[in-house]
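K.L.:
Quick one: the structure is below, and I'll ask about it shortly.
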Amino acid sequence: MKYLFVVAVVAVAFWFWRNNRQNAKVQQKKSAPSQSKAPHIGPPQPMLQCAACGVHLPATDAVVGKRGSYCTADHLRLREG
């Protein structure tokens, strides 16, 4: 009789543990999207291609020369002298 009681207690404890674990997973899934909101990054920017190497970069980061746009001042110097 006491073995049956021990098995019953272990079964109830396992059921509580499993139930709480599943509830924690459900709560974590519900709260995960609200925590991982991406910051507002603004509207898309026009992209330019470097005349020397072909790398695409935002127009705000480009170095503009007489013959085109470049990704660095070194590429501007190499192409335009």
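In the structure tokens, chains take the letters A, B, ... in the order shown, each chain's residues start at 1, and ligands count up from 1 in the order shown.
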Env of range 40-49 of chain A: 7 Å cut, atoms = only C-alpha atoms, seq-sep filter 3 positions within chain, self excluded. Answer as a PyMOL selection string.

P.N.:
chain A and resi 54-59+69

K.L.:
Might you pull out every residue within 12 Å of Lys66 in chain A, with only C-alpha atoms counted and same-chain residues fewer than 3 positions away left off, and present them as a list in words?

P.N.:
Ala51, Val63, Ser69, Tyr70, Leu76, Arg77, Arg79, Glu80 and Gly81 of chain A

K.L.:
Can you write out the residues you just picked, keeping N, CA, C and O atoms, as a PDB file, in the first residue's frame?

P.N.:
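Listed below is the output, result.pdb:
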```pdb
ATOM      1  N   ALA A  51      32.241  53.288 -58.097  1.00  0.00           N
ATOM      2  CA  ALA A  51      32.739  53.212 -59.472  1.00  0.00           C
ATOM      3  C   ALA A  51      34.032  52.405 -59.556  1.00  0.00           C
ATOM      4  O   ALA A  51      34.412  51.949 -60.634  1.00  0.00           O
ATOM      5  N   VAL A  63      31.328  58.812 -51.164  1.00  0.00           N
ATOM      6  CA  VAL A  63      32.229  59.924 -51.455  1.00  0.00           C
ATOM      7  C   VAL A  63      32.037  60.237 -52.928  1.00  0.00           C
ATOM      8  O   VAL A  63      32.324  59.414 -53.793  1.00  0.00           O
ATOM      9  N   SER A  69      30.485  57.993 -57.876  1.00  0.00           N
ATOM     10  CA  SER A  69      30.471  57.853 -56.420  1.00  0.00           C
ATOM     11  C   SER A  69      31.389  56.712 -56.019  1.00  0.00           C
ATOM     12  O   SER A  69      31.494  55.701 -56.721  1.00  0.00           O
ATOM     13  N   TYR A  70      32.025  56.864 -54.852  1.00  0.00           N
ATOM     14  CA  TYR A  70      32.988  55.879 -54.380  1.00  0.00           C
ATOM     15  C   TYR A  70      32.695  55.524 -52.920  1.00  0.00           C
ATOM     16  O   TYR A  70      32.118  56.321 -52.182  1.00  0.00           O
ATOM     17  N   LEU A  76      38.399  56.983 -54.515  1.00  0.00           N
ATOM     18  CA  LEU A  76      38.279  58.245 -55.247  1.00  0.00           C
ATOM     19  C   LEU A  76      39.651  58.677 -55.767  1.00  0.00           C
ATOM     20  O   LEU A  76      39.808  59.059 -56.925  1.00  0.00           O
ATOM     21  N   ARG A  77      40.663  58.598 -54.888  1.00  0.00           N
ATOM     22  CA  ARG A  77      42.021  58.971 -55.277  1.00  0.00           C
ATOM     23  C   ARG A  77      42.570  58.059 -56.374  1.00  0.00           C
ATOM     24  O   ARG A  77      43.223  58.524 -57.312  1.00  0.00           O
ATOM     25  N   ARG A  79      40.943  56.373 -58.722  1.00  0.00           N
ATOM     26  CA  ARG A  79      40.245  56.519 -60.006  1.00  0.00           C
ATOM     27  C   ARG A  79      40.381  57.908 -60.604  1.00  0.00           C
ATOM     28  O   ARG A  79      40.424  58.052 -61.812  1.00  0.00           O
ATOM     29  N   GLU A  80      40.416  58.918 -59.742  1.00  0.00           N
ATOM     30  CA  GLU A  80      40.408  60.281 -60.263  1.00  0.00           C
ATOM     31  C   GLU A  80      41.736  61.012 -60.072  1.00  0.00           C
ATOM     32  O   GLU A  80      41.860  62.148 -60.492  1.00  0.00           O
ATOM     33  N   GLY A  81      42.654  60.384 -59.419  1.00  0.00           N
ATOM     34  CA  GLY A  81      43.979  60.984 -59.288  1.00  0.00           C
ATOM     35  C   GLY A  81      44.144  61.840 -58.150  1.00  0.00           C
ATOM     36  O   GLY A  81      44.093  62.426 -57.324  1.00  0.00           O
TER      37      GLY A  81
END
```

K.L.:
For CA of Arg18 in chain A and CA of Val6 in chain A, quote the distance in Å rounded to one decimal.

P.N.:
18.2 Å

K.L.:
Quick one, how far is CA of Leu4 in chain A from CA of Asn19 in chain A?

P.N.:
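According to the coordinates, CA of Leu4 in chain A and CA of Asn19 in chain A are separated by 22.3 Å.
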
K.L.:
Considering only helix (DSSP H, G or I) as DSSP defines it on the backbone, what residues of chain A qualify? List them as a PyMOL selection string.

P.N.:
chain A and resi 2-35+59-61+73-80

K.L.:
Which is closest to Asp74 in chain A among A:Thr60, A:Cys50, A:Ala8, A:Gln28, if we use only C-alpha atoms?

P.N.:
A:Cys50
